[in-house]
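Undergrad: Before anything else, here's the structure in question.
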Amino acid sequence: MAQMNLHTLRLAAGSLTIGGFFLVSVTGVLMFFGWDLGLTSVAHEWFSWLFVAASCAHIAVNIRPFTNYFRFRWSRASIIAFLVILAASFSSWGIPTPHDLRNSVQQALLDAPLSTLASLTHTSSDTLQRRLKAHGITATAQQSLRDLSRAADYDEIRLLMIVFGHD
């Protein structure tokens with residue numbers, strides 16, 4: 001019975017790891033080439049957690065073969081190389097990244113008054129106020145989305161989506 005359960009766990013962990021690998025790999029490649037369509041990045045980010053959990057389960061049920069990798073110099077060297085790359089990836093090394101730009105633009109949009117956002121969206125402040133009102137948020141042209149988010153306990157990104165007509 002215990003042997004059958006281990007076999008079932010290995011099948012489940014292996015299958016989930018393989019499926020997660022394909023999902024994370026394909027969505028990662030799509031994002032790399034700028035083909036971030038629909039929910040590609042959301043699927044990549046959230047299903048990465050499933051891939052991590054499945055990989056941990058796969059290692060747990062295959063612990064003996066896993067530990068064998070550490071017996072060989074080349075295996076240890078490649079694992080250490082990837083850990084060094086991982087550690088190095090936590091810094092941008094002074095190189096501006098698209099993520100940095102995206103964060104700066106997002107923060108500027110959240111802090112801008114509604115009147116400024118109106119000109120950016122080629123609409124009027126009144127139109128933006130009506131869009132927000134349709135979601136139960138009363139706003140003035142001088143308020144920022146960050147202020148509105150705090151006052152109405154409403155998600156900032158959702159407010160941006162409403163202002164830019166993606167509601």
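The chains in the structure tokens are called A, B, ... from first to last as shown; in each chain the residues are counted from 1, and the ligands are counted from 1 in the order shown.
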Mind the document's chain letters and residue numbers, and return as JSON, numbers by chain the residues of chain A that DSSP labels alpha helix (DSSP H).
TA: {"A": [2, 3, 4, 5, 6, 7, 8, 9, 10, 11, 12, 13, 14, 15, 16, 17, 18, 19, 20, 21, 22, 23, 24, 25, 26, 27, 28, 29, 30, 31, 32, 40, 41, 42, 43, 44, 45, 46, 47, 48, 49, 50, 51, 52, 53, 54, 55, 56, 57, 58, 59, 60, 61, 63, 64, 65, 66, 67, 68, 73, 74, 75, 76, 77, 78, 79, 80, 81, 82, 83, 84, 85, 86, 87, 88, 98, 99, 100, 101, 102, 103, 104, 105, 106, 107, 108, 109, 110, 111, 114, 115, 116, 117, 118, 119, 120, 125, 126, 127, 128, 129, 130, 131, 132, 133, 145, 146, 147, 148, 149, 150, 151, 152, 156, 157, 158, 159, 160, 161, 162, 163]}
Undergrad: Write out as an MDAnalysis selection string the residues lying within 6 Å of stretch 98-110 of chain A, counting only C-alpha atoms and excluding same-chain residues fewer than 2 positions away.
TA: chainID A and resid 112 145:146
Undergrad: Would you compute the distance between atom CA of A:Ala151 and atom CA of A:Ala134? Give it in Å to one decimal.
TA: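 Value for the atom CA of A:Ala151-atom CA of A:Ala134 distance: 16.4 Å.
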Undergrad: Give me the residues within 12 Å of stretch 9-14 of chain A as a list of chain:residue names, counting only C-alpha atoms and dropping any in the same chain fewer than 5 places off.
TA: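 Surrounding residues, per the criterion: A:Ala2, A:Gln3, A:Met4, A:Gly19, A:Gly20, A:Phe21, A:Leu50, A:Phe51, A:Val52, A:Ala53, A:Ala54, A:Ser55, A:Cys56, A:Ala57, A:His58, A:Ile59, A:Ala60, A:Val61, A:Asn62, A:Ile63.
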Undergrad: Take the residues that were just selected and, keeping C-alpha atoms, output them as a compact mmCIF listing (two decimals), in the first residue's frame.
TA:
# COMPACT_ATOMS: atom_id res chain seq x y z
CA ALA A 2 2.77 2.46 0.93
CA GLN A 3 4.56 1.62 -2.33
CA MET A 4 1.42 2.38 -4.32
CA GLY A 19 2.88 20.72 -16.98
CA GLY A 20 4.16 23.63 -14.88
CA PHE A 21 7.46 23.60 -16.78
CA LEU A 50 2.18 25.69 -8.73
CA PHE A 51 5.41 24.87 -10.56
CA VAL A 52 7.46 25.59 -7.41
CA ALA A 53 5.15 23.45 -5.25
CA ALA A 54 5.14 20.61 -7.81
CA SER A 55 8.93 20.77 -8.12
CA CYS A 56 9.34 20.61 -4.34
CA ALA A 57 6.98 17.62 -4.21
CA HIS A 58 8.90 16.01 -7.09
CA ILE A 59 12.18 16.46 -5.20
CA ALA A 60 10.62 15.13 -1.98
CA VAL A 61 9.37 11.91 -3.56
CA ASN A 62 12.62 11.47 -5.52
CA ILE A 63 15.02 12.55 -2.79
Undergrad: What lies within 9 Å of A:Pro113 using only C-alpha atoms, ignoring chain neighbours under 6 positions off, as a PDB file with N, CA and C atoms, in the first residue's frame?
TA:
ATOM      1  N   THR A 140     -13.066  64.414  -7.102  1.00  0.00           N
ATOM      2  CA  THR A 140     -12.936  65.765  -7.651  1.00  0.00           C
ATOM      3  C   THR A 140     -11.773  65.769  -8.623  1.00  0.00           C
ATOM      4  N   ALA A 141     -11.690  66.794  -9.444  1.00  0.00           N
ATOM      5  CA  ALA A 141     -10.629  66.896 -10.454  1.00  0.00           C
ATOM      6  C   ALA A 141      -9.252  67.039  -9.815  1.00  0.00           C
ATOM      7  N   GLN A 142      -9.194  67.476  -8.556  1.00  0.00           N
ATOM      8  CA  GLN A 142      -7.905  67.683  -7.891  1.00  0.00           C
ATOM      9  C   GLN A 142      -7.392  66.432  -7.176  1.00  0.00           C
ATOM     10  N   GLN A 143      -8.240  65.446  -7.003  1.00  0.00           N
ATOM     11  CA  GLN A 143      -7.823  64.247  -6.263  1.00  0.00           C
ATOM     12  C   GLN A 143      -7.002  63.308  -7.145  1.00  0.00           C
ATOM     13  N   SER A 144      -6.078  62.613  -6.508  1.00  0.00           N
ATOM     14  CA  SER A 144      -5.289  61.594  -7.213  1.00  0.00           C
ATOM     15  C   SER A 144      -5.935  60.231  -6.990  1.00  0.00           C
ATOM     16  N   LEU A 145      -5.565  59.293  -7.836  1.00  0.00           N
ATOM     17  CA  LEU A 145      -6.086  57.932  -7.666  1.00  0.00           C
ATOM     18  C   LEU A 145      -5.584  57.315  -6.364  1.00  0.00           C
TER      19      LEU A 145
END
Undergrad: Interatomic distance between atom CA of A:Thr40 and atom CA of A:Thr27?
TA: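 So the answer is 5.8 Å.
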